[in-house]
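Chemist: Take a look at coords_26.cif, mmCIF, C-alpha atoms:
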data_start
#
loop_
_atom_site.label_atom_id
_atom_site.label_comp_id
_atom_site.auth_asym_id
_atom_site.auth_seq_id
_atom_site.Cartn_x
_atom_site.Cartn_y
_atom_site.Cartn_z
CA MET I 1 14.83 -6.18 -21.69
CA ARG I 2 15.28 -3.84 -18.72
CA ARG I 3 15.67 -0.91 -21.14
CA LEU I 4 12.37 -1.70 -22.83
CA PHE I 5 10.54 -2.31 -19.53
CA PRO I 6 12.22 -0.12 -16.87
CA HIS I 7 9.21 -0.51 -14.54
CA PRO I 8 7.49 -3.81 -15.35
CA GLY I 9 5.03 -3.45 -12.48
CA LEU I 10 3.99 -0.02 -13.72
CA THR I 11 3.63 -1.38 -17.26
CA LEU I 12 1.36 -4.16 -16.05
CA LEU I 13 -0.64 -1.75 -13.90
CA LEU I 14 -1.10 0.72 -16.78
CA VAL I 15 -2.25 -1.99 -19.20
CA THR I 16 -4.67 -3.37 -16.60
CA MET I 17 -6.06 0.05 -15.74
CA TRP I 18 -6.38 0.92 -19.44
CA MET I 19 -8.43 -2.20 -20.09
CA LEU I 20 -10.63 -1.49 -17.06
CA VAL I 21 -11.23 2.12 -18.09
CA LEU I 22 -11.86 1.07 -21.67
CA ASN I 23 -14.39 -1.50 -20.42
CA ASP I 24 -13.82 -3.62 -23.50
CA LEU I 25 -11.66 -6.69 -24.06
CA SER I 26 -10.75 -5.90 -27.66
CA PHE I 27 -7.38 -6.65 -29.24
CA GLY I 28 -6.99 -3.03 -30.39
CA GLY I 29 -7.65 -1.75 -26.89
CA PHE I 30 -5.05 -4.14 -25.49
CA VAL I 31 -2.46 -3.07 -28.06
CA LEU I 32 -3.05 0.62 -27.31
CA GLY I 33 -2.84 -0.10 -23.57
CA ALA I 34 0.41 -2.02 -24.13
CA VAL I 35 1.85 0.92 -26.06
CA PHE I 36 0.95 3.30 -23.22
CA GLY I 37 2.22 0.75 -20.73
CA MET I 38 5.60 0.73 -22.45
CA LEU I 39 5.94 4.43 -23.29
CA VAL I 40 4.91 5.99 -19.97
CA PRO I 41 7.55 4.08 -17.94
CA LEU I 42 10.19 4.77 -20.60
CA PHE I 43 9.58 8.53 -20.46
CA THR I 44 9.28 8.66 -16.65
CA ALA I 45 12.29 6.41 -15.87
CA PRO I 46 14.74 9.35 -15.59
CA PHE I 47 12.59 10.83 -12.82
CA TRP I 48 13.02 7.64 -10.69
CA PRO I 49 16.81 7.28 -10.42
CA ASP I 50 16.85 5.61 -6.99
CA ARG I 51 13.82 3.38 -7.33
CA PRO I 52 13.87 0.28 -5.18
CA SER I 53 14.01 -3.20 -6.55
CA VAL I 54 10.55 -4.73 -6.17
CA GLN I 55 10.29 -8.50 -5.70
CA TYR I 56 7.30 -9.52 -7.78
CA GLY I 57 6.00 -12.95 -7.06
CA TRP I 58 4.60 -14.94 -4.18
CA ARG I 59 5.61 -12.44 -1.49
CA LEU I 60 3.74 -9.65 -3.22
CA ILE I 61 0.71 -11.86 -3.85
CA ALA I 62 0.73 -12.99 -0.20
CA TYR I 63 0.94 -9.36 0.94
CA VAL I 64 -2.01 -8.30 -1.23
CA LEU I 65 -4.09 -11.24 0.03
CA LEU I 66 -3.14 -10.40 3.64
CA VAL I 67 -4.22 -6.78 3.18
CA ILE I 68 -7.51 -7.79 1.54
CA GLY I 69 -8.21 -10.18 4.41
CA ASP I 70 -7.35 -7.50 6.98
CA ILE I 71 -9.64 -5.00 5.26
CA ILE I 72 -12.54 -7.46 5.40
CA VAL I 73 -11.95 -8.30 9.07
CA ALA I 74 -11.48 -4.62 10.00
CA ASN I 75 -14.76 -3.69 8.29
CA PHE I 76 -16.64 -6.05 10.59
CA HIS I 77 -14.68 -4.84 13.61
CA VAL I 78 -15.43 -1.16 12.89
CA ALA I 79 -19.08 -1.95 12.18
CA ARG I 80 -19.31 -3.69 15.55
CA LEU I 81 -17.68 -0.69 17.25
CA ILE I 82 -20.08 1.75 15.62
CA LEU I 83 -23.19 -0.32 16.26
CA PHE I 84 -22.57 -1.56 19.78
CA ARG I 85 -20.25 0.92 21.49
CA ARG I 86 -20.84 4.44 22.66
CA ASN I 87 -18.48 7.14 21.41
CA ARG I 88 -17.13 7.83 24.88
CA ASP I 89 -16.10 4.16 25.20
CA LEU I 90 -13.84 4.31 22.13
CA ARG I 91 -10.14 4.45 22.93
CA SER I 92 -8.85 6.40 19.95
CA CYS I 93 -5.18 7.30 19.97
CA TRP I 94 -2.27 8.53 17.88
CA LEU I 95 0.41 6.00 17.06
CA ASN I 96 3.97 7.04 16.31
CA ILE I 97 5.43 4.24 14.22
CA PRO I 98 9.23 4.21 13.84
CA LEU I 99 10.08 3.13 10.31
CA ASP I 100 12.77 0.72 9.21
CA LEU I 101 11.72 1.11 5.57
CA GLN I 102 14.08 3.25 3.50
CA SER I 103 12.40 3.94 0.16
CA ALA I 104 9.65 6.47 -0.33
CA GLU I 105 7.72 3.95 -2.44
CA ALA I 106 7.68 1.34 0.33
CA ILE I 107 6.67 3.94 2.94
CA THR I 108 3.87 5.07 0.63
CA VAL I 109 2.60 1.49 0.28
CA LEU I 110 2.70 1.09 4.07
CA ALA I 111 0.81 4.35 4.62
CA GLY I 112 -1.74 3.37 1.97
CA THR I 113 -2.19 -0.06 3.52
CA ILE I 114 -2.83 1.48 6.92
CA SER I 115 -5.31 3.98 5.48
CA LEU I 116 -7.14 1.30 3.48
CA THR I 117 -7.72 -0.74 6.62
CA PRO I 118 -10.84 0.61 8.38
CA GLY I 119 -10.20 1.96 11.85
CA THR I 120 -6.76 3.38 11.08
CA VAL I 121 -5.54 6.25 8.95
CA SER I 122 -2.05 7.49 8.12
CA ALA I 123 -1.93 11.16 9.00
CA ASP I 124 1.66 12.35 8.56
CA ILE I 125 5.22 11.29 7.97
CA ALA I 126 8.21 12.90 9.66
CA THR I 127 10.33 15.14 7.44
CA ASP I 128 13.27 12.75 7.83
CA GLY I 129 11.03 9.80 6.79
CA ARG I 130 11.76 7.85 9.96
CA HIS I 131 8.33 7.99 11.67
CA LEU I 132 4.74 7.60 10.51
CA LEU I 133 1.88 9.17 12.46
CA VAL I 134 -1.25 7.00 12.46
CA HIS I 135 -4.63 7.55 14.07
CA ALA I 136 -6.37 4.46 15.43
CA LEU I 137 -10.12 4.52 16.09
CA ASP I 138 -9.96 2.06 18.97
CA SER I 139 -6.83 0.65 20.57
CA SER I 140 -6.54 -0.63 24.12
CA ASP I 141 -2.74 -1.02 23.80
CA PRO I 142 -1.06 1.50 21.45
CA GLN I 143 2.37 -0.14 21.76
CA ALA I 144 0.95 -3.52 20.77
CA GLU I 145 -0.76 -1.88 17.78
CA VAL I 146 2.54 -0.34 16.66
CA ALA I 147 4.26 -3.74 17.02
CA ARG I 148 1.45 -5.40 15.06
CA ILE I 149 1.75 -2.92 12.17
CA LYS I 150 5.52 -3.33 12.06
CA ALA I 151 5.38 -7.13 12.18
CA ARG I 152 2.37 -7.60 9.92
CA TYR I 153 3.02 -5.01 7.21
CA GLU I 154 6.42 -3.34 7.46
CA LYS I 155 8.40 -6.58 7.79
CA ARG I 156 6.73 -7.99 4.67
CA LEU I 157 7.25 -4.75 2.74
CA MET I 158 10.95 -4.84 3.59
CA GLU I 159 11.11 -8.23 1.85
CA ILE I 160 9.20 -6.95 -1.18
CA PHE I 161 11.06 -3.62 -1.59
CA ARG I 162 14.80 -4.34 -1.58
#
So that I can check it, write out the structure of this file as structure tokens.

Modeler:
Amino acid sequence: MRRLFPHPGLTLLLVTMWMLVLNDLSFGGFVLGAVFGMLVPLFTAPFWPDRPSVQYGWRLIAYVLLVIGDIIVANFHVARLILFRRNRDLRSCWLNIPLDLQSAEAITVLAGTISLTPGTVSADIATDGRHLLVHALDSSDPQAEVARIKARYEKRLMEIFR
């Protein structure tokens, strides 16, 4: 089974994206999406020799729901900052986040999560992959913000990417 589906998450993602792009719930469209969803991972598997083991299930679902909730809350927070604060009152800063994550895929998900959340953006990663540079729009305590990102996102990603 692992030979037929070397990247089951990628297969599912490709089929889902194919159906969304197709904008039609036809059986033929699903079959063609399933064929692409099986062939693309098969042909790209040799290019991912050290891929991490991803724990699909409740942890991943909980992480996605957490990120969606954080995005919604951060949108209101940034809107409040823009509407009711003057620019000179913003306490923007650069955060240097030391990473415990090992895999490039997990670090990419963390950086994407940070960038998706309004008010923060991932700017750079150290060449050794041990630190992530993040810009925060408003942070009264940069160390607390780093600790929050590590506890809220990185810890969960370490459980998902093994």

Chemist: Could you expand the PyMOL selection byres ((chain I and resi 34) around 9) into the explicit residues it covers here, written as a list in words?

Modeler: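 With the shown file as input, the PyMOL selection byres ((chain I and resi 34) around 9) matches Thr11, Leu12, Leu14, Val15, Trp18, Gly29, Phe30, Val31, Leu32, Gly33, Val35, Phe36, Gly37, Met38 and Leu39 of chain I.
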
Chemist: Can you translate the PyMOL selection byres ((chain I and resi 53) around 6) into the concrete residues it hits in this file, as a list of chain:residue names?

Modeler: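 Applying the PyMOL selection byres ((chain I and resi 53) around 6) to the structure shown produces I:Pro52, I:Val54, I:Phe161, I:Arg162.
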
Chemist: Which protein, DNA or RNA residues have an atom at most 10 Å from (5.7, 1.7, -6.0), counting only C-alpha atoms? List them as a PyMOL selection string.

Modeler: chain I and resi 7+9-10+51-54+103-109+161

Chemist: Export, as a CSV table (one decimal), in the coordinates of the input, the selected residues with C-alpha atoms.

Modeler:
chain,number,residue,atom,x,y,z
I,7,HIS,CA,9.2,-0.5,-14.5
I,9,GLY,CA,5.0,-3.4,-12.5
I,10,LEU,CA,4.0,0.0,-13.7
I,51,ARG,CA,13.8,3.4,-7.3
I,52,PRO,CA,13.9,0.3,-5.2
I,53,SER,CA,14.0,-3.2,-6.6
I,54,VAL,CA,10.6,-4.7,-6.2
I,103,SER,CA,12.4,3.9,0.2
I,104,ALA,CA,9.6,6.5,-0.3
I,105,GLU,CA,7.7,4.0,-2.4
I,106,ALA,CA,7.7,1.3,0.3
I,107,ILE,CA,6.7,3.9,2.9
I,108,THR,CA,3.9,5.1,0.6
I,109,VAL,CA,2.6,1.5,0.3
I,161,PHE,CA,11.1,-3.6,-1.6

Chemist: Extract, using only C-alpha atoms, all DNA, RNA and protein residues at most 12 Å from Gly69 of chain I, discarding same-chain residues fewer than 5 positions from it, and format them as an MDAnalysis selection string.

Modeler: chainID I and resid 62:64 74:76 113 116:118

Chemist: For Val134 of chain I, work out the shell of residues within 9 Å, counting all atoms listed in the file and skipping chain neighbours fewer than 4 positions away, then give it as a PDB file with C-alpha atoms, keeping the file's coordinate frame.

Modeler:
ATOM      1  CA  CYS I  93      -5.180   7.300  19.970  1.00  0.00           C
ATOM      2  CA  TRP I  94      -2.270   8.530  17.880  1.00  0.00           C
ATOM      3  CA  LEU I  95       0.410   6.000  17.060  1.00  0.00           C
ATOM      4  CA  ASN I  96       3.970   7.040  16.310  1.00  0.00           C
ATOM      5  CA  ILE I  97       5.430   4.240  14.220  1.00  0.00           C
ATOM      6  CA  ALA I 111       0.810   4.350   4.620  1.00  0.00           C
ATOM      7  CA  ILE I 114      -2.830   1.480   6.920  1.00  0.00           C
ATOM      8  CA  SER I 115      -5.310   3.980   5.480  1.00  0.00           C
ATOM      9  CA  THR I 120      -6.760   3.380  11.080  1.00  0.00           C
ATOM     10  CA  VAL I 121      -5.540   6.250   8.950  1.00  0.00           C
ATOM     11  CA  SER I 122      -2.050   7.490   8.120  1.00  0.00           C
ATOM     12  CA  ALA I 123      -1.930  11.160   9.000  1.00  0.00           C
ATOM     13  CA  ASP I 124       1.660  12.350   8.560  1.00  0.00           C
ATOM     14  CA  ILE I 125       5.220  11.290   7.970  1.00  0.00           C
TER      15      ILE I 125
END

Chemist: If the PyMOL selection byres ((chain I and resi 92) around 9) were run on this exact file, what residues would it hold? Put them as a list in words.

Modeler: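 Listing what the PyMOL selection byres ((chain I and resi 92) around 9) selects in the shown file: Leu90, Arg91, Cys93, Trp94, His135, Ala136, Leu137, Asp138, Ser139 and Ser140 of chain I.
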
Chemist: Rounded to one decimal place, report the atom CA of Gly129 of chain I-atom CA of Pro98 of chain I distance in Å.

Modeler: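 That distance, rounded to one decimal, is 9.2 Å.
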
Chemist: Between atom CA of Leu60 of chain I and atom CA of Ile160 of chain I, what is the distance in Å, rounded to a tenth?

Modeler: 6.4 Å

Chemist: Of the residues I:Ala79, I:Glu154, I:Thr16, I:Pro8, which is the one nearest to Pro41 of chain I, using only C-alpha atoms?

Modeler: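 So, comparing all the options, the nearest one is I:Pro8.
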
Chemist: Rounded to one decimal, what separation in Å do you get between atom CA of Asp128 of chain I and atom CA of Glu145 of chain I?

Modeler: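 Atom CA of Glu145 of chain I lies at a distance of 22.6 Å from atom CA of Asp128 of chain I.
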
Chemist: Between I:Leu132, I:Asn23, I:Gly119, I:Pro142, which one has atoms that come closest to Ile72 of chain I, using only C-alpha atoms?

Modeler: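 Looking at the shortest contact to Ile72 of chain I, the residue is I:Gly119.
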